[in-house]
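Trainee: This is the content of upload11.cif (mmCIF, C-alpha atoms and all ligand atoms):
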data_data
loop_
_atom_site.label_atom_id
_atom_site.label_comp_id
_atom_site.auth_asym_id
_atom_site.auth_seq_id
_atom_site.Cartn_x
_atom_site.Cartn_y
_atom_site.Cartn_z
CA MET P 1 -22.35 8.14 -9.18
CA ASN P 2 -23.63 9.69 -5.99
CA ALA P 3 -25.04 13.17 -6.52
CA LYS P 4 -25.01 14.08 -2.82
CA VAL P 5 -22.68 17.03 -2.26
CA GLN P 6 -23.26 17.91 1.37
CA ALA P 7 -23.93 15.27 4.02
CA SER P 8 -26.21 16.04 6.95
CA LYS P 9 -24.30 16.74 10.16
CA LYS P 10 -25.53 13.73 12.12
CA LEU P 11 -26.15 10.13 11.11
CA SER P 12 -29.80 9.25 10.56
CA LEU P 13 -31.23 6.08 12.08
CA GLU P 14 -31.29 4.49 8.63
CA GLN P 15 -27.59 5.32 8.16
CA LYS P 16 -26.67 3.92 11.58
CA LYS P 17 -28.39 0.62 10.82
CA ARG P 18 -26.78 0.41 7.39
CA LEU P 19 -23.35 1.29 8.80
CA LEU P 20 -23.73 -1.43 11.43
CA GLU P 21 -24.43 -3.93 8.67
CA GLU P 22 -21.57 -2.65 6.51
CA MET P 23 -19.05 -2.72 9.37
CA LEU P 24 -20.15 -6.22 10.39
CA PHE P 25 -19.81 -7.33 6.78
CA ALA P 26 -16.28 -5.87 6.71
CA ARG P 27 -15.34 -7.69 9.94
CA ARG P 28 -16.72 -11.03 8.76
CA PHE P 29 -15.15 -10.56 5.32
CA GLU P 30 -11.73 -10.08 6.89
CA GLU P 31 -12.15 -12.94 9.36
CA ARG P 32 -12.84 -15.13 6.35
CA CYS P 33 -9.69 -13.75 4.67
CA TYR P 34 -7.75 -14.84 7.77
CA GLU P 35 -9.14 -18.38 7.47
CA ALA P 36 -8.48 -18.55 3.74
CA TYR P 37 -4.90 -17.44 4.36
CA VAL P 38 -4.40 -20.16 6.95
CA GLU P 39 -5.86 -22.64 4.43
CA ARG P 40 -3.27 -21.29 1.93
CA LYS P 41 -5.96 -20.16 -0.47
CA ILE P 42 -4.59 -16.62 -0.14
CA GLY P 43 -0.85 -16.05 -0.41
CA GLY P 44 1.59 -13.16 -0.12
CA PHE P 45 0.97 -10.37 2.36
CA LEU P 46 -2.33 -9.84 4.15
CA HIS P 47 -2.98 -6.90 6.48
CA LEU P 48 -6.33 -6.91 8.23
CA TYR P 49 -8.35 -3.89 9.36
CA SER P 50 -10.41 -5.53 12.13
CA GLY P 51 -11.01 -3.03 14.93
CA GLU P 52 -10.58 0.02 12.70
CA GLU P 53 -13.84 -0.26 10.72
CA ALA P 54 -15.40 2.94 12.06
CA CYS P 55 -12.60 5.00 10.47
CA ALA P 56 -13.14 4.09 6.81
CA HIS P 57 -16.92 3.84 7.23
CA GLY P 58 -17.39 7.13 9.10
CA VAL P 59 -15.18 9.14 6.74
CA ILE P 60 -16.34 7.71 3.41
CA GLU P 61 -19.98 7.95 4.53
CA ALA P 62 -19.43 11.69 4.93
CA ALA P 63 -18.01 12.01 1.39
CA ASN P 64 -19.36 11.14 -2.07
CA PRO P 65 -18.03 7.68 -2.82
CA GLY P 66 -17.82 7.09 -6.57
CA SER P 67 -17.22 10.81 -7.13
CA ASP P 68 -14.57 11.73 -4.55
CA TYR P 69 -11.21 9.99 -4.88
CA VAL P 70 -9.93 7.72 -2.10
CA LEU P 71 -6.44 6.31 -1.52
CA THR P 72 -4.99 4.27 1.32
CA SER P 73 -2.19 1.96 2.34
CA TYR P 74 -1.88 -1.82 2.09
CA ARG P 75 -4.64 -2.24 4.77
CA ASP P 76 -7.08 -1.55 2.01
CA HIS P 77 -9.89 -4.13 1.58
CA VAL P 78 -12.49 -2.33 3.68
CA HIS P 79 -11.90 1.12 2.15
CA ALA P 80 -12.31 -0.39 -1.32
CA ILE P 81 -15.59 -2.12 -0.44
CA LYS P 82 -16.97 1.02 1.23
CA CYS P 83 -16.13 2.94 -1.97
CA GLY P 84 -18.26 0.46 -3.91
CA VAL P 85 -15.73 -2.07 -5.20
CA ASP P 86 -17.51 -5.45 -5.39
CA PRO P 87 -16.48 -7.62 -2.41
CA LYS P 88 -16.43 -10.62 -4.79
CA ALA P 89 -13.81 -8.87 -6.94
CA VAL P 90 -11.80 -8.01 -3.80
CA MET P 91 -11.86 -11.61 -2.55
CA ALA P 92 -11.03 -12.93 -6.03
CA GLU P 93 -8.06 -10.54 -6.08
CA LEU P 94 -6.84 -11.98 -2.78
CA TYR P 95 -7.23 -15.46 -4.27
CA ALA P 96 -5.13 -14.26 -7.28
CA LYS P 97 -7.97 -15.08 -9.68
CA VAL P 98 -8.52 -13.41 -13.05
CA THR P 99 -11.91 -12.05 -11.90
CA GLY P 100 -10.18 -10.01 -9.20
CA CYS P 101 -10.35 -6.21 -9.32
CA CYS P 102 -6.76 -6.16 -10.66
CA LYS P 103 -7.17 -9.36 -12.65
CA GLY P 104 -5.46 -11.28 -9.86
CA LEU P 105 -2.12 -9.60 -10.45
CA GLY P 106 -2.14 -7.10 -7.60
CA GLY P 107 -3.08 -9.01 -4.48
CA SER P 108 -4.08 -7.76 -1.07
CA MET P 109 -1.90 -4.65 -0.94
CA HIS P 110 -2.94 -3.37 -4.37
CA ILE P 111 -6.72 -3.33 -4.46
CA PHE P 112 -7.98 -0.85 -7.05
CA GLY P 113 -11.35 0.30 -8.39
CA VAL P 114 -10.97 3.14 -10.88
CA GLU P 115 -14.68 3.19 -11.76
CA ASN P 116 -15.42 3.69 -8.05
CA ARG P 117 -12.60 6.24 -7.80
CA PHE P 118 -10.88 4.02 -5.28
CA MET P 119 -7.37 4.87 -6.43
CA GLY P 120 -5.57 2.17 -4.61
CA GLY P 121 -3.98 0.38 -1.93
CA TYR P 122 -0.23 1.04 -1.82
CA ALA P 123 2.52 -1.08 -0.31
CA LEU P 124 5.01 1.75 0.10
CA VAL P 125 4.49 3.47 3.42
CA GLY P 126 3.91 7.17 2.70
CA GLY P 127 3.51 6.55 -1.05
CA PRO P 128 -0.08 7.85 -1.28
CA PHE P 129 0.62 11.31 0.27
CA PRO P 130 2.04 12.84 -2.94
CA LEU P 131 -0.32 10.84 -5.18
CA ALA P 132 -3.28 12.33 -3.31
CA ALA P 133 -1.84 15.81 -3.69
CA GLY P 134 -1.45 15.14 -7.43
CA ILE P 135 -5.04 13.96 -7.81
CA ALA P 136 -6.20 17.01 -5.85
CA LYS P 137 -4.13 19.27 -8.13
CA GLY P 138 -5.90 17.68 -11.11
CA ILE P 139 -9.31 18.37 -9.55
CA GLN P 140 -8.29 21.96 -8.89
CA MET P 141 -7.06 22.48 -12.47
CA LYS P 142 -10.35 21.14 -13.83
CA LYS P 143 -12.28 23.27 -11.31
CA GLY P 144 -14.03 20.12 -10.08
CA LYS P 145 -16.22 19.82 -6.99
CA GLU P 146 -14.68 16.50 -5.96
CA ILE P 147 -12.13 16.08 -3.20
CA CYS P 148 -9.38 13.56 -2.65
CA ILE P 149 -9.23 11.59 0.62
CA CYS P 150 -5.93 10.02 1.63
CA PHE P 151 -5.98 7.54 4.53
CA LEU P 152 -2.66 6.54 6.08
CA GLY P 153 -1.24 5.14 9.30
CA ASP P 154 0.50 7.00 12.10
CA ALA P 155 3.98 5.66 11.32
CA ALA P 156 3.68 6.84 7.71
CA ASN P 157 3.87 10.41 8.99
CA ASN P 158 7.59 9.98 9.62
CA GLN P 159 8.21 9.63 5.90
CA GLY P 160 9.57 12.60 3.99
CA THR P 161 6.64 12.37 1.58
CA PHE P 162 4.28 13.41 4.42
CA HIS P 163 6.08 16.72 4.95
CA GLU P 164 6.71 17.42 1.27
CA SER P 165 3.09 16.70 0.33
CA LEU P 166 1.49 18.64 3.17
CA ASN P 167 3.64 21.65 2.42
CA MET P 168 2.62 21.62 -1.26
CA ALA P 169 -1.02 20.87 -0.42
CA LYS P 170 -1.25 23.98 1.73
CA LEU P 171 0.85 26.13 -0.56
CA TRP P 172 -1.50 25.35 -3.45
CA ASN P 173 -4.63 25.07 -1.28
CA LEU P 174 -5.43 21.65 -2.71
CA PRO P 175 -8.78 19.87 -2.11
CA VAL P 176 -7.28 17.00 -0.15
CA LEU P 177 -8.35 15.48 3.16
CA TYR P 178 -5.61 13.57 4.95
CA VAL P 179 -6.97 11.00 7.41
CA CYS P 180 -4.51 9.53 9.89
CA GLU P 181 -5.63 6.17 11.26
CA ASN P 182 -3.57 6.28 14.45
CA ASN P 183 -3.55 2.69 15.75
CA LEU P 184 -0.56 3.44 17.99
CA TYR P 185 1.80 1.05 16.22
CA GLY P 186 3.95 0.84 13.11
CA ILE P 187 4.41 -2.94 12.81
CA GLY P 188 5.75 -3.83 16.32
CA THR P 189 6.95 -0.38 17.37
CA ARG P 190 4.74 1.69 19.62
CA ILE P 191 4.32 5.28 18.50
CA ASP P 192 6.09 6.81 21.52
CA ARG P 193 9.24 4.85 20.64
CA SER P 194 9.35 6.08 17.04
CA THR P 195 7.77 9.52 16.93
CA ALA P 196 8.79 12.66 18.82
CA VAL P 197 5.31 14.23 18.62
CA VAL P 198 2.80 11.54 19.50
CA ASP P 199 -0.36 13.55 18.69
CA GLN P 200 -0.31 13.53 14.93
CA TYR P 201 -2.79 16.38 14.48
CA LYS P 202 -0.30 18.73 16.16
CA ARG P 203 2.38 18.02 13.57
CA VAL P 204 0.48 19.65 10.71
CA SER P 205 0.36 23.09 12.35
CA ALA P 206 3.87 23.42 10.89
CA TYR P 207 2.12 23.67 7.51
CA ASN P 208 -0.74 25.84 8.68
CA ILE P 209 -3.25 23.06 7.96
CA PRO P 210 -6.31 22.86 10.24
CA SER P 211 -6.67 19.54 12.05
CA THR P 212 -8.66 17.60 14.65
CA GLN P 213 -8.16 14.43 16.66
CA VAL P 214 -11.23 12.30 17.49
CA ASP P 215 -12.19 8.85 18.74
CA GLY P 216 -11.86 6.49 15.77
CA GLN P 217 -13.85 3.70 17.46
CA ASP P 218 -17.13 5.58 17.45
CA VAL P 219 -18.55 5.78 13.93
CA GLU P 220 -20.92 8.60 14.88
CA ILE P 221 -18.05 10.76 16.13
CA VAL P 222 -15.91 9.90 13.10
CA TYR P 223 -18.77 10.78 10.76
CA GLU P 224 -19.48 14.13 12.43
CA ALA P 225 -15.81 15.13 12.37
CA ALA P 226 -15.53 13.96 8.77
CA VAL P 227 -18.56 15.99 7.65
CA GLU P 228 -16.84 19.15 8.92
CA ALA P 229 -13.53 18.15 7.36
CA VAL P 230 -15.10 17.30 3.99
CA GLU P 231 -17.07 20.57 3.98
CA HIS P 232 -13.89 22.52 4.69
CA VAL P 233 -12.01 20.90 1.82
CA ARG P 234 -14.91 20.99 -0.66
CA SER P 235 -15.59 24.66 -0.02
CA GLY P 236 -12.15 25.54 -1.40
CA LYS P 237 -10.45 26.32 1.92
CA GLY P 238 -7.62 23.90 1.18
CA PRO P 239 -6.38 20.74 2.90
CA TYR P 240 -7.52 19.35 6.24
CA PHE P 241 -6.00 16.72 8.53
CA LEU P 242 -8.20 14.40 10.58
CA GLU P 243 -6.61 12.10 13.16
CA LEU P 244 -8.64 9.07 14.26
CA MET P 245 -7.53 7.20 17.40
CA THR P 246 -8.02 3.50 16.77
CA TYR P 247 -6.54 0.02 17.26
CA ARG P 248 -6.07 -3.04 15.11
CA TYR P 249 -7.32 -6.24 16.70
CA ARG P 250 -4.86 -8.54 14.92
CA GLY P 251 -1.14 -8.43 14.26
CA HIS P 252 0.32 -6.05 11.71
CA SER P 253 0.06 -8.74 9.03
CA MET P 254 -0.43 -12.49 8.94
CA SER P 255 3.27 -13.04 9.68
CA ASP P 256 3.11 -11.00 12.90
CA SER P 257 2.66 -12.99 16.10
CA ASN P 258 1.44 -9.83 17.85
CA ALA P 259 3.54 -10.55 20.95
CA TYR P 260 4.62 -6.97 21.67
CA ARG P 261 1.34 -5.46 22.87
CA PRO P 262 0.30 -5.73 26.52
CA LYS P 263 -2.89 -7.74 27.03
CA SER P 264 -4.24 -4.99 29.29
CA GLU P 265 -3.95 -2.52 26.40
CA GLU P 266 -5.63 -4.93 23.98
CA ARG P 267 -8.50 -5.37 26.43
CA ILE P 268 -9.11 -1.62 26.72
CA TRP P 269 -9.54 -1.41 22.95
CA SER P 270 -11.51 -4.62 22.49
CA ASP P 271 -13.97 -3.22 25.06
CA ARG P 272 -14.44 -0.36 22.60
CA ASP P 273 -15.23 -2.45 19.54
CA PRO P 274 -16.81 -0.07 16.98
CA ILE P 275 -19.39 -2.65 15.89
CA ILE P 276 -20.46 -3.66 19.38
CA MET P 277 -20.62 -0.04 20.52
CA LEU P 278 -23.00 0.89 17.70
CA ARG P 279 -25.04 -2.30 18.13
CA ASP P 280 -25.48 -1.70 21.88
CA ARG P 281 -26.51 1.87 21.27
CA LEU P 282 -29.20 0.76 18.80
CA VAL P 283 -30.38 -1.98 21.16
CA GLU P 284 -30.52 0.43 24.08
CA ALA P 285 -32.57 2.86 21.99
CA LYS P 286 -34.89 -0.08 21.17
CA GLU P 287 -34.18 0.36 17.46
CA MET P 288 -33.12 -3.28 17.19
CA THR P 289 -32.89 -6.41 19.32
CA ILE P 290 -29.95 -8.74 19.88
CA GLU P 291 -31.94 -11.32 17.87
CA ASP P 292 -32.14 -8.88 14.92
CA TYR P 293 -28.38 -8.47 15.15
CA LYS P 294 -27.75 -12.23 15.23
CA LYS P 295 -30.01 -12.65 12.22
CA MET P 296 -28.09 -9.94 10.35
CA ASP P 297 -24.82 -11.62 11.31
CA ASN P 298 -25.99 -15.02 10.03
CA GLN P 299 -27.17 -13.50 6.76
CA ILE P 300 -23.78 -11.84 6.30
CA LEU P 301 -21.93 -15.07 7.06
CA ASP P 302 -24.12 -16.90 4.52
CA GLN P 303 -23.62 -14.20 1.89
CA ILE P 304 -19.84 -14.28 2.31
CA GLU P 305 -19.78 -18.06 1.97
CA SER P 306 -22.35 -18.55 -0.78
CA GLU P 307 -21.49 -15.52 -2.91
CA VAL P 308 -18.08 -14.07 -2.12
CA ILE P 309 -16.01 -17.17 -1.32
CA LYS P 310 -17.83 -19.27 -3.91
CA PHE P 311 -17.03 -16.69 -6.60
CA ALA P 312 -13.34 -16.55 -5.64
CA GLU P 313 -13.02 -20.33 -5.37
CA GLU P 314 -14.73 -21.00 -8.70
CA SER P 315 -13.01 -18.26 -10.71
CA PRO P 316 -10.15 -19.24 -13.02
CA GLU P 317 -6.54 -18.28 -12.50
CA PRO P 318 -5.06 -15.66 -14.87
CA PRO P 319 -3.99 -17.31 -18.12
CA LEU P 320 -0.28 -17.57 -18.84
CA GLU P 321 -0.45 -15.02 -21.69
CA MET P 322 -1.35 -12.34 -19.15
CA LEU P 323 2.18 -12.52 -17.74
CA GLU P 324 3.51 -9.89 -20.18
CA LYS P 325 0.30 -8.12 -21.02
CA TYR P 326 0.00 -5.79 -18.03
CA VAL P 327 3.64 -5.15 -17.28
CA LEU P 328 3.49 -1.77 -19.02
CA VAL P 329 0.32 0.32 -19.06
CA GLU P 330 0.66 1.03 -22.79
CA ASN P 331 0.34 -2.68 -23.41
CA ASP P 332 -3.13 -2.56 -21.94
CA PRO P 333 -5.54 -1.92 -24.84
CA TRP P 334 -8.19 -1.02 -22.24
CA VAL P 335 -6.29 2.04 -21.14
CA LYS P 336 -7.51 5.05 -23.13
CA GLY P 337 -4.71 6.72 -25.01
CA GLY P 338 -2.45 3.73 -24.57
CA ARG P 339 -0.56 2.53 -27.57
CA GLY P 340 -2.44 -0.76 -27.75
CA GLY P 341 0.04 -3.61 -28.00
CA VAL P 342 -0.46 -7.24 -27.16
CA ASN P 343 -4.12 -8.13 -27.09
C1 LIG Q 401 8.79 3.01 2.27
C2 LIG Q 401 8.53 1.86 3.18
N1 LIG Q 401 9.29 1.69 4.29
C3 LIG Q 401 9.07 0.64 5.11
C4 LIG Q 401 8.08 -0.27 4.83
C5 LIG Q 401 7.81 -1.42 5.79
N2 LIG Q 401 6.59 -1.20 6.54
C6 LIG Q 401 5.44 -1.80 6.15
S1 LIG Q 401 4.17 -1.37 7.13
C7 LIG Q 401 5.12 -0.38 8.09
C8 LIG Q 401 4.52 0.35 9.27
C9 LIG Q 401 3.48 1.33 8.90
O1 LIG Q 401 2.70 1.67 10.02
P1 LIG Q 401 1.53 2.70 9.97
O2 LIG Q 401 1.80 3.75 8.96
O3 LIG Q 401 1.25 3.16 11.35
O4 LIG Q 401 0.30 1.85 9.39
P2 LIG Q 401 -0.47 0.61 10.06
O5 LIG Q 401 0.24 -0.62 9.55
O6 LIG Q 401 -0.38 0.74 11.52
O7 LIG Q 401 -1.85 0.68 9.52
C10 LIG Q 401 6.43 -0.40 7.65
C11 LIG Q 401 7.54 0.34 8.28
C12 LIG Q 401 7.30 -0.07 3.66
N3 LIG Q 401 6.31 -0.88 3.32
N4 LIG Q 401 7.54 1.01 2.87
MG MG Q 402 -0.08 2.43 12.74
#
Is it possible to give me this structure as structure tokens?
Ligand SMILES: Cc1ncc(C[n+]2csc(CCOP(=O)(O)OP(=O)(O)O)c2C)c(N)n1
Ligand SMILES: [Mg+2]
Mentor:
Amino acid sequence: MNAKVQASKKLSLEQKKRLLEEMLFARRFEERCYEAYVERKIGGFLHLYSGEEACAHGVIEAANPGSDYVLTSYRDHVHAIKCGVDPKAVMAELYAKVTGCCKGLGGSMHIFGVENRFMGGYALVGGPFPLAAGIAKGIQMKKGKEICICFLGDAANNQGTFHESLNMAKLWNLPVLYVCENNLYGIGTRIDRSTAVVDQYKRVSAYNIPSTQVDGQDVEIVYEAAVEAVEHVRSGKGPYFLELMTYRYRGHSMSDSNAYRPKSEERIWSDRDPIIMLRDRLVEAKEMTIEDYKKMDNQILDQIESEVIKFAEESPEPPLEMLEKYVLVENDPWVKGGRGGVN
């Protein structure tokens, strides 16, 4: 568990280099997921996060992963890995193998890592808002120093759970940070066709919750905004809402042909790729060369192939007896306080 309580206000050079590597790993990991899906090694739903990497990385870097609780939607692989869930266990989960982080029974939308306090990926849009408030209430009752961070998309804010949860969170001054990853679309509908107030950070003033909107493509800006937000929540001042303006580079999910977005808009955002922006900044500052970057990229590609994919490919499928075993939590003898049951 990470003992760090307060992050420094700006990223150090060492952090920038590590974040570049982590974000590139996340991008390559997800590109490989795309290929495996096309090869039919991965089934079901698959929502990729490519383009949005600076959001999860900047925010979680500013928190205490492993100690603070993190929840998100179905676009969840990268958040889980940044919280410390083993990428091999994430890939094995996507491959529906027994070595997956949910024993192969959850799949892409339900990545979980309790020991890393990554409290899930959720398929129901808006589902995590009240869960995060509940976790935060638990922290408050135990007088803990942790906080709960709830990532969700822009379209999720039109769910009733958003308003109910934010009202309660403020009323009870809960230690919860809501992070809106505003990628301008909910599936194929652009935000200005679905949402009366397009700037999401403005909506929370109705609940007297402080908020900011920043560039979600620049990991340094995300980190700096997140440090302030985390400090606010951890110091007992109650909830905070951070809106990150971002863009997903692929369709909503693998079944989305992505035909509804103008190419000119896509180009504006691909010119602001969070990984390339950070790389170019480091190269310009002579902290690394393009050759260093290519070498890092090749090492990552090798690692994904020789460790992550190999592990998922070679792992066994869940045995048939597992079909009933995890249907009810009390049947899981691993769950403390459960009633035992089938072993
Ligand atoms: C309660 C509920 N309603 C509808 C859906 C179908 N649905 C899946 S994703 C999605 C759009 C969500 O968009 P957003 O919150 O902006 O997240 P993004 O996919 O852009 O990350 C919808 C409507 C769902 N999963 N759950
Ligand atoms: Mg969205």
Trainee: Using all atoms listed in the file, determine which residues lie at most 9 Å from Gly238 (chain P), disregarding the query and same-chain residues fewer than 3 positions distant; provide the list as a PyMOL selection string.
Mentor: chain P and resi 169-177+209+232-235
Trainee: Show me, as a list of chain:residue names, the residues that have an atom within 8 Å of Met23 (chain P) when counting all atoms listed in the file, minus same-chain residues fewer than 2 positions from it.
Mentor: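 My list of contacting residues is P:Leu19, P:Leu20, P:Glu21, P:Phe25, P:Ala26, P:Arg27, P:Glu53, P:Ala54, P:His57, P:Ile275.
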Trainee: Could you turn the residues from that selection into a file that holds C-alpha atoms, as a PDB file, keeping the file's coordinate frame?
Mentor:
ATOM      1  CA  LEU P  19     -23.350   1.290   8.800  1.00  0.00           C
ATOM      2  CA  LEU P  20     -23.730  -1.430  11.430  1.00  0.00           C
ATOM      3  CA  GLU P  21     -24.430  -3.930   8.670  1.00  0.00           C
ATOM      4  CA  PHE P  25     -19.810  -7.330   6.780  1.00  0.00           C
ATOM      5  CA  ALA P  26     -16.280  -5.870   6.710  1.00  0.00           C
ATOM      6  CA  ARG P  27     -15.340  -7.690   9.940  1.00  0.00           C
ATOM      7  CA  GLU P  53     -13.840  -0.260  10.720  1.00  0.00           C
ATOM      8  CA  ALA P  54     -15.400   2.940  12.060  1.00  0.00           C
ATOM      9  CA  HIS P  57     -16.920   3.840   7.230  1.00  0.00           C
ATOM     10  CA  ILE P 275     -19.390  -2.650  15.890  1.00  0.00           C
TER      11      ILE P 275
END
Trainee: Please enclose the listed atoms of region 314-317 of chain P in an axis-aligned box, pad each side by 8 Å, and write out the centre and the three edge lengths in Å, rounded to one decimal, as lines of an AutoDock Vina configuration file.
Mentor:
center_x = -10.6
center_y = -19.6
center_z = -10.9
size_x = 24.2
size_y = 18.7
size_z = 20.3
Trainee: Write as a count of residues only the residues around ligand MG 402 (chain Q), taking 9 Å as the cut-off and counting all atoms listed in the file.
Mentor: 20
Trainee: Could you tell me how far CA of Ile147 (chain P) lies from CA of Gly104 (chain P), in Å and to one decimal?
Mentor: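 According to the coordinates, CA of Ile147 (chain P) and CA of Gly104 (chain P) are separated by 28.9 Å.
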Trainee: What is the CA of Gly216 (chain P) to CA of Tyr260 (chain P) distance in Å?
Mentor: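 Distance between the two atoms: 22.1 Å.
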Trainee: What does the distance between CA of Glu164 (chain P) and CA of Tyr240 (chain P) come to in Å, to one decimal place?
Mentor: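 For CA of Glu164 (chain P) relative to CA of Tyr240 (chain P), the distance reads 15.2 Å.
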Trainee: Please provide as a ChimeraX atom specification all residues within 8 Å of Val227 (chain P), with the sequence filter that same-chain residues fewer than 6 positions apart are discarded (counting only C-alpha atoms).
Mentor: /P:7-9,59,62-63
Trainee: I need the residues from that last selection saved to file as a short mmCIF file (atom, residue, chain, number, x, y, z; two decimals), in the coordinates of the input (with C-alpha atoms), if you can.
Mentor:
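Output file out.cif follows:
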data_model
loop_
_atom_site.label_atom_id
_atom_site.label_comp_id
_atom_site.auth_asym_id
_atom_site.auth_seq_id
_atom_site.Cartn_x
_atom_site.Cartn_y
_atom_site.Cartn_z
CA ALA P 7 -23.93 15.27 4.02
CA SER P 8 -26.21 16.04 6.95
CA LYS P 9 -24.30 16.74 10.16
CA VAL P 59 -15.18 9.14 6.74
CA ALA P 62 -19.43 11.69 4.93
CA ALA P 63 -18.01 12.01 1.39
#
Trainee: Can you tell me which residues surround Ile309 (chain P) at a distance of at most 12 Å, considering all atoms listed in the file, apart from same-chain residues fewer than 2 positions away, and format the answer as a ChimeraX atom specification?
Mentor: /P:28-30,32-33,35-36,41-42,87-95,97,301-307,311-315
Trainee: Could you list, as a PyMOL selection string, every residue within 12 Å of Leu282 (chain P), counting only C-alpha atoms and ignoring same-chain residues fewer than 3 positions away?
Mentor: chain P and resi 12-20+275-279+285-290+292-293
Trainee: Would you please work out which residue, of P:Ala123, P:Met296, P:Val308, P:Met141, is nearest to ligand LIG 401 (chain Q) when using all atoms listed in the file?
Mentor: P:Ala123
Trainee: What would region 309-314 of chain P look like with all heavy atoms restored, written as a tab-separated table (two decimals), keeping the file's coordinate frame?
Mentor:
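New file part_21.tsv:
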chain	number	residue	atom	x	y	z
P	309	ILE	N	-17.02	-16.10	-1.31
P	309	ILE	CA	-16.01	-17.17	-1.32
P	309	ILE	C	-16.24	-18.09	-2.53
P	309	ILE	O	-15.30	-18.47	-3.22
P	309	ILE	CB	-16.03	-17.96	0.01
P	309	ILE	CG1	-15.52	-17.06	1.14
P	309	ILE	CG2	-15.24	-19.26	-0.09
P	309	ILE	CD1	-14.03	-16.75	1.11
P	310	LYS	N	-17.50	-18.39	-2.78
P	310	LYS	CA	-17.83	-19.27	-3.91
P	310	LYS	C	-17.28	-18.67	-5.21
P	310	LYS	O	-16.64	-19.36	-6.00
P	310	LYS	CB	-19.36	-19.42	-3.99
P	310	LYS	CG	-19.84	-20.40	-5.03
P	310	LYS	CD	-21.35	-20.63	-4.83
P	310	LYS	CE	-21.89	-21.75	-5.69
P	310	LYS	NZ	-22.03	-21.43	-7.08
P	311	PHE	N	-17.51	-17.37	-5.39
P	311	PHE	CA	-17.03	-16.69	-6.60
P	311	PHE	C	-15.51	-16.79	-6.71
P	311	PHE	O	-14.97	-17.14	-7.77
P	311	PHE	CB	-17.46	-15.21	-6.55
P	311	PHE	CG	-17.01	-14.39	-7.72
P	311	PHE	CD1	-17.67	-14.47	-8.94
P	311	PHE	CD2	-15.92	-13.52	-7.62
P	311	PHE	CE1	-17.27	-13.71	-10.03
P	311	PHE	CE2	-15.51	-12.76	-8.70
P	311	PHE	CZ	-16.18	-12.86	-9.91
P	312	ALA	N	-14.82	-16.52	-5.60
P	312	ALA	CA	-13.34	-16.55	-5.64
P	312	ALA	C	-12.84	-17.97	-5.89
P	312	ALA	O	-11.94	-18.19	-6.70
P	312	ALA	CB	-12.78	-16.00	-4.32
P	313	GLU	N	-13.46	-18.93	-5.22
P	313	GLU	CA	-13.02	-20.33	-5.37
P	313	GLU	C	-13.23	-20.81	-6.80
P	313	GLU	O	-12.39	-21.51	-7.36
P	313	GLU	CB	-13.84	-21.25	-4.44
P	313	GLU	CG	-13.66	-20.96	-2.95
P	313	GLU	CD	-12.71	-21.91	-2.27
P	313	GLU	OE1	-12.27	-22.87	-2.92
P	313	GLU	OE2	-12.39	-21.67	-1.09
P	314	GLU	N	-14.37	-20.45	-7.39
P	314	GLU	CA	-14.73	-21.00	-8.70
P	314	GLU	C	-14.14	-20.23	-9.87
P	314	GLU	O	-14.19	-20.70	-11.02
P	314	GLU	CB	-16.27	-21.08	-8.84
P	314	GLU	CG	-16.85	-22.12	-7.90
P	314	GLU	CD	-18.37	-22.19	-7.96
P	314	GLU	OE1	-18.99	-21.40	-8.72
P	314	GLU	OE2	-18.93	-23.04	-7.23
